[in-house]
Amino acid sequence: MSTHTDDDRIDWITTPITRDLLRGALDLERTERGLLPHRLPARARAQNTDGQLAMAESQPSGVRLALRTRATTLELDTLPTKRVHVGAPPRPDGLYDLLVDGRPAGQGSVAGGNTLTVDMTTGTAGFESGPVGTLRFAGLPEGSKDIEIWLPHNERTELVALRTDAPVEPAPDPGRRVWLHHGSSISHGSDAASPTTTWPALAAWLGGVELVNLGLAGSALLDPFTARAMRDTPADLISVKIGINVVNHDVMRLRAFGPAVHGFLDTVREGHPTAPLLVVSPILCPIQEDTPGPLAPDVSGLREGRLRFVAMGDPGERASGKLTLNVVRDELARIVAQRTADDPNLHCLDGRDLYGEADAAELPLPDDLHPDAATHRRIGERFARLAFTDRGAFSR
């Protein structure tokens, strides 16, 4: 550790950011400016050539600093990467959530940083480097306390420096069960209000578990390297939310889907042979219930901040094996029913029990694909009740 005094006469202590101060990341990469948390290990990243997945896994959904300290003032230097969509209003800066002894205690953002400019009409992107910024929390309670800083779930964040006015050590192991979850952008956080209010983060808090979130926007595609990452990650409880990306990317037919699901589950089971494993089918998404993909963005309202998605497939193609959400749900239920004869710790949850027709009437998906903040809360509360209560897959 090193100390220096700034103009505010605070005797700062600079603590190196190391793996034991972080939770929810599977890997840390040393960059020119600092440390980049990853949610997939280096071996998996080396087998990926897709820019969407590379962006998604480097956005730290569920990743948080976990500290024990007497500090009352804290500064965190980070290098965010902001996304700008051509023709659209500016996106808000990513939010950091502060928890003190498990309770919400503040929020903040970091301005500046790198800029990734995306043109959705052409599929091209440009990158511009920018400056490091500082997140500051002051007036924290006196005395020893556990602090968590949840990083922005939807903004790539390089960690540069941590400064406090008292020594810092890793927060002690809370002794809670570890829940490892994989899913799509909905699990990643999509349009949740903040990193602790994505539906998996809410469900983890209600269920009293430690979250490792492998929700990967646009990238829940039954990739073998993701299954191997899950196999090799310590966990007590595991869930995989399968289907929406497979349908809206139109990446496979029914003939390939079933064996791919079996293979994914087989790989996970190699590392976790008896852990409760919950297969979750897609929540209701009216545009793809019976219409195959691919999905395409409707950018006609982008200048006014409106983006919608449109399913481009032909419902008649289901007969030739094209996938829809209803087809996927039926196949997942069949596969789980078949496997439970040899795997009593395997369970299935219909995603429409988390968000169904009545919910869609009350809380429609704003872009016809992703839930808003209120819907994230509803899904998180429903999942906690269905999975963690006495009769759920994750009950004790």
# chains A, B, ... in the order shown; residues from 1 in each chain; ligands from 1
$ select_by_dssp --residues "region 78-166 of chain A" --states "strand (DSSP E)" --output "PyMOL selection string"
chain A and resi 78-85+96-100+103-108+114-119+124-128+133-137+145-150+156-164
$ residues_around --residues "region 90-102 of chain A" --least-positions-apart "5" --cutoff "6 Å" --atoms "only C-alpha atoms" --output "PDB file with C-alpha atoms, in the first residue's frame"
ATOM      1  CA  GLN A 107     -25.039   5.460  -6.319  1.00  0.00           C
ATOM      2  CA  GLY A 108     -22.642   7.162  -8.668  1.00  0.00           C
ATOM      3  CA  SER A 109     -21.313   7.300 -12.222  1.00  0.00           C
ATOM      4  CA  ASP A 146     -18.514  -4.377   4.857  1.00  0.00           C
ATOM      5  CA  ILE A 147     -18.720  -2.396   1.639  1.00  0.00           C
ATOM      6  CA  GLU A 148     -19.744  -3.620  -1.796  1.00  0.00           C
ATOM      7  CA  ILE A 149     -19.413  -1.531  -4.952  1.00  0.00           C
ATOM      8  CA  TRP A 150     -21.385  -3.152  -7.774  1.00  0.00           C
ATOM      9  CA  LEU A 151     -19.934  -2.180 -11.139  1.00  0.00           C
ATOM     10  CA  PRO A 152     -22.197  -1.013 -13.993  1.00  0.00           C
ATOM     11  CA  GLU A 155     -20.724  -0.706 -19.256  1.00  0.00           C
ATOM     12  CA  SER A 194     -28.928  -0.401 -11.809  1.00  0.00           C
TER      13      SER A 194
END
$ residues_around --residues "Thr291 (chain A)" --least-positions-apart "6" --cutoff "7 Å" --atoms "only C-alpha atoms" --output "VMD selection string"
chain A and resid 311 313 to 315 324
$ closest_residue --among "A:Ala217, A:Ala275, A:Leu67, A:Val132" --to "Glu158 (chain A)" --atoms "only C-alpha atoms"
A:Val132
$ closest_atom_pairs --of "region 142-192 of chain A" --to "region 377-383 of chain A" --cutoff "12 Å" --atoms "only C-alpha atoms" --output "tab-separated table"
residue	atom	partner	partner_atom	distance
A:Ile186	CA	A:Ile379	CA	10.0
A:Ser187	CA	A:Gly380	CA	10.0
A:Gly189	CA	A:Arg377	CA	11.0
A:Asp191	CA	A:Arg377	CA	11.2
A:Ala192	CA	A:Arg377	CA	8.5
$ write_last_selection --atoms "all heavy atoms" --output "mmCIF file, in the first residue's frame"
data_model
loop_
_atom_site.group_PDB
_atom_site.id
_atom_site.type_symbol
_atom_site.label_atom_id
_atom_site.label_comp_id
_atom_site.auth_asym_id
_atom_site.auth_seq_id
_atom_site.Cartn_x
_atom_site.Cartn_y
_atom_site.Cartn_z
ATOM 1 N N ILE A 186 -31.562 -10.519 -21.005
ATOM 2 C CA ILE A 186 -32.515 -10.313 -19.914
ATOM 3 C C ILE A 186 -31.851 -10.655 -18.593
ATOM 4 O O ILE A 186 -32.019 -9.941 -17.594
ATOM 5 C CB ILE A 186 -33.786 -11.155 -20.161
ATOM 6 C CG1 ILE A 186 -34.462 -10.708 -21.469
ATOM 7 C CG2 ILE A 186 -34.760 -11.047 -18.991
ATOM 8 C CD1 ILE A 186 -35.572 -11.629 -21.931
ATOM 9 N N SER A 187 -31.061 -11.722 -18.559
ATOM 10 C CA SER A 187 -30.303 -12.066 -17.361
ATOM 11 C C SER A 187 -29.115 -11.134 -17.163
ATOM 12 O O SER A 187 -28.712 -10.853 -16.033
ATOM 13 C CB SER A 187 -29.808 -13.507 -17.444
ATOM 14 O OG SER A 187 -30.881 -14.421 -17.518
ATOM 15 N N GLY A 189 -29.092 -8.020 -17.728
ATOM 16 C CA GLY A 189 -29.612 -6.820 -17.078
ATOM 17 C C GLY A 189 -30.398 -5.921 -18.006
ATOM 18 O O GLY A 189 -31.154 -5.063 -17.535
ATOM 19 N N ASP A 191 -32.536 -3.576 -19.557
ATOM 20 C CA ASP A 191 -32.926 -2.219 -19.176
ATOM 21 C C ASP A 191 -33.253 -2.095 -17.692
ATOM 22 O O ASP A 191 -34.119 -1.311 -17.290
ATOM 23 C CB ASP A 191 -34.136 -1.782 -20.008
ATOM 24 C CG ASP A 191 -33.791 -1.695 -21.492
ATOM 25 O OD1 ASP A 191 -32.659 -1.283 -21.801
ATOM 26 O OD2 ASP A 191 -34.633 -2.040 -22.334
ATOM 27 N N ALA A 192 -32.540 -2.862 -16.858
ATOM 28 C CA ALA A 192 -32.686 -2.709 -15.405
ATOM 29 C C ALA A 192 -32.186 -1.339 -14.977
ATOM 30 O O ALA A 192 -31.398 -0.688 -15.673
ATOM 31 C CB ALA A 192 -31.905 -3.803 -14.680
#
$ select_by_dssp --residues "region 50-140 of chain A" --states "alpha helix (DSSP H)" --output "list in words"
Gly51, Gln52, Leu53, Ala54, Met55, Ala56 and Glu57 of chain A
$ write_last_selection --atoms "N, CA, C and O atoms" --output "compact mmCIF listing (two decimals), in the first residue's frame"
# COMPACT_ATOMS: atom_id res chain seq x y z
N GLY A 51 -17.96 -10.33 -31.87
CA GLY A 51 -17.80 -9.08 -31.16
C GLY A 51 -18.87 -8.82 -30.12
O GLY A 51 -18.61 -8.22 -29.08
N GLN A 52 -20.10 -9.28 -30.39
CA GLN A 52 -21.18 -9.09 -29.42
C GLN A 52 -20.87 -9.81 -28.12
O GLN A 52 -21.02 -9.25 -27.03
N LEU A 53 -20.44 -11.06 -28.19
CA LEU A 53 -20.11 -11.80 -26.97
C LEU A 53 -18.90 -11.18 -26.28
O LEU A 53 -18.87 -11.08 -25.05
N ALA A 54 -17.90 -10.76 -27.04
CA ALA A 54 -16.72 -10.13 -26.44
C ALA A 54 -17.12 -8.89 -25.64
O ALA A 54 -16.61 -8.66 -24.53
N MET A 55 -18.04 -8.11 -26.19
CA MET A 55 -18.51 -6.92 -25.46
C MET A 55 -19.31 -7.32 -24.23
O MET A 55 -19.11 -6.78 -23.14
N ALA A 56 -20.20 -8.30 -24.39
CA ALA A 56 -21.09 -8.67 -23.29
C ALA A 56 -20.33 -9.24 -22.11
O ALA A 56 -20.58 -8.88 -20.95
N GLU A 57 -19.38 -10.15 -22.35
CA GLU A 57 -18.70 -10.79 -21.23
C GLU A 57 -17.76 -9.83 -20.51
O GLU A 57 -17.43 -10.05 -19.35
$ residues_around --residues "Pro141 (chain A)" --least-positions-apart "2" --cutoff "7 Å" --atoms "only C-alpha atoms" --output "PDB file with C-alpha atoms, in the first residue's frame"
ATOM      1  CA  THR A  72     -15.499   7.013   5.619  1.00  0.00           C
ATOM      2  CA  GLY A 139     -19.678  10.414   4.558  1.00  0.00           C
ATOM      3  CA  GLY A 143     -16.495   2.004  12.356  1.00  0.00           C
TER       4      GLY A 143
END
$ atom_distance --atom1 "CA of Ser395 (chain A)" --atom2 "CA of Arg177 (chain A)"
11.0 Å
$ atom_distance --atom1 "CA of Lys322 (chain A)" --atom2 "CA of Tyr355 (chain A)"
23.7 Å
$ residues_around --residues "Pro167 (chain A)" --least-positions-apart "3" --cutoff "7 Å" --atoms "only C-alpha atoms" --output "PyMOL selection string"
chain A and resi 13+69+164
$ atom_distance --atom1 "CA of Ala44 (chain A)" --atom2 "CA of Gln59 (chain A)"
15.6 Å
$ residues_around --residues "Glu128 (chain A)" --least-positions-apart "6" --cutoff "10 Å" --atoms "only C-alpha atoms" --output "PDB file with C-alpha atoms, in the first residue's frame"
ATOM      1  CA  THR A  81     -16.300   2.333 -22.276  1.00  0.00           C
ATOM      2  CA  LYS A  82     -19.446   4.192 -23.275  1.00  0.00           C
ATOM      3  CA  GLY A 113     -13.779   7.124 -20.714  1.00  0.00           C
ATOM      4  CA  ASN A 114     -13.584   5.388 -24.059  1.00  0.00           C
ATOM      5  CA  THR A 115     -16.338   5.656 -26.666  1.00  0.00           C
ATOM      6  CA  LEU A 116     -17.650   2.802 -28.806  1.00  0.00           C
ATOM      7  CA  THR A 117     -19.803   4.199 -31.617  1.00  0.00           C
TER       8      THR A 117
END
$ closest_residue --among "A:Trp12, A:Phe394, A:Phe225, A:Trp199" --to "Val279 (chain A)" --atoms "only C-alpha atoms"
A:Phe394
$ residues_around --residues "region 226-238 of chain A" --least-positions-apart "2" --cutoff "8 Å" --atoms "only C-alpha atoms" --output "JSON, numbers by chain"
{"A": [26, 40, 41, 44, 177, 178, 179, 180, 181, 222, 223, 224, 240, 264, 265, 267, 268, 269, 270, 271, 272, 275, 276, 277, 278, 394]}
$ write_last_selection --atoms "N, CA, C and O atoms" --output "mmCIF file, in the first residue's frame"
data_model
loop_
_atom_site.group_PDB
_atom_site.id
_atom_site.type_symbol
_atom_site.label_atom_id
_atom_site.label_comp_id
_atom_site.auth_asym_id
_atom_site.auth_seq_id
_atom_site.Cartn_x
_atom_site.Cartn_y
_atom_site.Cartn_z
ATOM 1 N N LEU A 26 -14.848 -14.109 -13.385
ATOM 2 C CA LEU A 26 -14.143 -15.375 -13.578
ATOM 3 C C LEU A 26 -12.683 -15.165 -13.957
ATOM 4 O O LEU A 26 -11.887 -16.102 -13.886
ATOM 5 N N LEU A 40 -16.016 -14.441 -18.598
ATOM 6 C CA LEU A 40 -15.617 -15.715 -19.180
ATOM 7 C C LEU A 40 -14.101 -15.830 -19.054
ATOM 8 O O LEU A 40 -13.394 -14.826 -19.188
ATOM 9 N N PRO A 41 -13.579 -17.026 -18.824
ATOM 10 C CA PRO A 41 -12.136 -17.182 -18.670
ATOM 11 C C PRO A 41 -11.407 -17.013 -20.001
ATOM 12 O O PRO A 41 -12.009 -17.053 -21.082
ATOM 13 N N ALA A 44 -11.990 -19.553 -22.849
ATOM 14 C CA ALA A 44 -13.252 -19.365 -23.567
ATOM 15 C C ALA A 44 -13.155 -18.184 -24.519
ATOM 16 O O ALA A 44 -13.609 -18.256 -25.671
ATOM 17 N N ARG A 177 -24.507 -19.750 0.045
ATOM 18 C CA ARG A 177 -24.387 -20.601 -1.131
ATOM 19 C C ARG A 177 -24.121 -19.744 -2.372
ATOM 20 O O ARG A 177 -24.587 -18.603 -2.467
ATOM 21 N N VAL A 178 -23.355 -20.287 -3.308
ATOM 22 C CA VAL A 178 -23.030 -19.589 -4.544
ATOM 23 C C VAL A 178 -23.979 -20.051 -5.647
ATOM 24 O O VAL A 178 -24.106 -21.254 -5.915
ATOM 25 N N TRP A 179 -24.645 -19.091 -6.286
ATOM 26 C CA TRP A 179 -25.576 -19.362 -7.385
ATOM 27 C C TRP A 179 -24.931 -18.905 -8.685
ATOM 28 O O TRP A 179 -24.647 -17.718 -8.870
ATOM 29 N N LEU A 180 -24.726 -19.841 -9.595
ATOM 30 C CA LEU A 180 -24.156 -19.587 -10.914
ATOM 31 C C LEU A 180 -25.279 -19.618 -11.937
ATOM 32 O O LEU A 180 -25.961 -20.641 -12.086
ATOM 33 N N HIS A 181 -25.463 -18.505 -12.641
ATOM 34 C CA HIS A 181 -26.589 -18.391 -13.574
ATOM 35 C C HIS A 181 -26.090 -17.969 -14.946
ATOM 36 O O HIS A 181 -25.222 -17.109 -15.083
ATOM 37 N N LEU A 222 -25.788 -21.700 -26.276
ATOM 38 C CA LEU A 222 -25.354 -23.071 -26.001
ATOM 39 C C LEU A 222 -23.916 -23.294 -26.446
ATOM 40 O O LEU A 222 -23.537 -24.394 -26.875
ATOM 41 N N ASP A 223 -23.081 -22.256 -26.337
ATOM 42 C CA ASP A 223 -21.680 -22.381 -26.723
ATOM 43 C C ASP A 223 -20.968 -23.363 -25.800
ATOM 44 O O ASP A 223 -21.051 -23.243 -24.573
ATOM 45 N N PRO A 224 -20.237 -24.321 -26.348
ATOM 46 C CA PRO A 224 -19.520 -25.276 -25.497
ATOM 47 C C PRO A 224 -18.538 -24.620 -24.544
ATOM 48 O O PRO A 224 -18.358 -25.091 -23.422
ATOM 49 N N VAL A 240 -29.657 -22.339 -15.937
ATOM 50 C CA VAL A 240 -29.406 -21.940 -17.322
ATOM 51 C C VAL A 240 -30.739 -21.543 -17.937
ATOM 52 O O VAL A 240 -31.702 -22.303 -17.915
ATOM 53 N N PHE A 264 -24.723 -29.383 -23.535
ATOM 54 C CA PHE A 264 -24.456 -28.292 -22.589
ATOM 55 C C PHE A 264 -24.647 -28.786 -21.156
ATOM 56 O O PHE A 264 -23.791 -28.581 -20.281
ATOM 57 N N LEU A 265 -25.773 -29.457 -20.912
ATOM 58 C CA LEU A 265 -26.052 -29.967 -19.572
ATOM 59 C C LEU A 265 -25.053 -31.046 -19.163
ATOM 60 O O LEU A 265 -24.625 -31.104 -18.002
ATOM 61 N N THR A 267 -21.939 -31.229 -20.006
ATOM 62 C CA THR A 267 -20.682 -30.572 -19.638
ATOM 63 C C THR A 267 -20.787 -29.930 -18.259
ATOM 64 O O THR A 267 -19.868 -30.053 -17.437
ATOM 65 N N VAL A 268 -21.876 -29.233 -18.004
ATOM 66 C CA VAL A 268 -22.058 -28.634 -16.676
ATOM 67 C C VAL A 268 -22.019 -29.706 -15.593
ATOM 68 O O VAL A 268 -21.389 -29.548 -14.544
ATOM 69 N N ARG A 269 -22.664 -30.817 -15.863
ATOM 70 C CA ARG A 269 -22.726 -31.899 -14.878
ATOM 71 C C ARG A 269 -21.360 -32.549 -14.623
ATOM 72 O O ARG A 269 -21.136 -33.126 -13.563
ATOM 73 N N GLU A 270 -20.428 -32.446 -15.570
ATOM 74 C CA GLU A 270 -19.097 -32.987 -15.334
ATOM 75 C C GLU A 270 -18.432 -32.334 -14.124
ATOM 76 O O GLU A 270 -17.695 -32.982 -13.385
ATOM 77 N N GLY A 271 -18.693 -31.058 -13.917
ATOM 78 C CA GLY A 271 -18.104 -30.359 -12.782
ATOM 79 C C GLY A 271 -19.006 -30.256 -11.581
ATOM 80 O O GLY A 271 -18.543 -29.980 -10.466
ATOM 81 N N HIS A 272 -20.295 -30.456 -11.778
ATOM 82 C CA HIS A 272 -21.281 -30.293 -10.703
ATOM 83 C C HIS A 272 -22.274 -31.455 -10.785
ATOM 84 O O HIS A 272 -23.439 -31.262 -11.150
ATOM 85 N N ALA A 275 -25.246 -30.940 -7.912
ATOM 86 C CA ALA A 275 -25.800 -29.633 -7.532
ATOM 87 C C ALA A 275 -27.181 -29.452 -8.135
ATOM 88 O O ALA A 275 -27.448 -29.916 -9.252
ATOM 89 N N PRO A 276 -28.099 -28.790 -7.440
ATOM 90 C CA PRO A 276 -29.380 -28.450 -8.060
ATOM 91 C C PRO A 276 -29.151 -27.655 -9.347
ATOM 92 O O PRO A 276 -28.432 -26.653 -9.346
ATOM 93 N N LEU A 277 -29.722 -28.136 -10.437
ATOM 94 C CA LEU A 277 -29.534 -27.533 -11.757
ATOM 95 C C LEU A 277 -30.910 -27.236 -12.333
ATOM 96 O O LEU A 277 -31.711 -28.151 -12.559
ATOM 97 N N LEU A 278 -31.184 -25.969 -12.543
ATOM 98 C CA LEU A 278 -32.510 -25.518 -12.967
ATOM 99 C C LEU A 278 -32.441 -25.006 -14.403
ATOM 100 O O LEU A 278 -31.688 -24.080 -14.709
ATOM 101 N N PHE A 394 -34.042 -24.645 -5.521
ATOM 102 C CA PHE A 394 -32.886 -24.192 -4.728
ATOM 103 C C PHE A 394 -33.189 -24.125 -3.234
ATOM 104 O O PHE A 394 -32.403 -23.542 -2.474
#
$ closest_residue --among "A:Thr18, A:Thr31, A:Ser320, A:Asn248" --to "Leu65 (chain A)" --atoms "only C-alpha atoms"
A:Thr18
$ closest_residue --among "A:Val209, A:Cys285, A:Leu369, A:Ala166" --to "Arg396 (chain A)" --atoms "only C-alpha atoms"
A:Val209
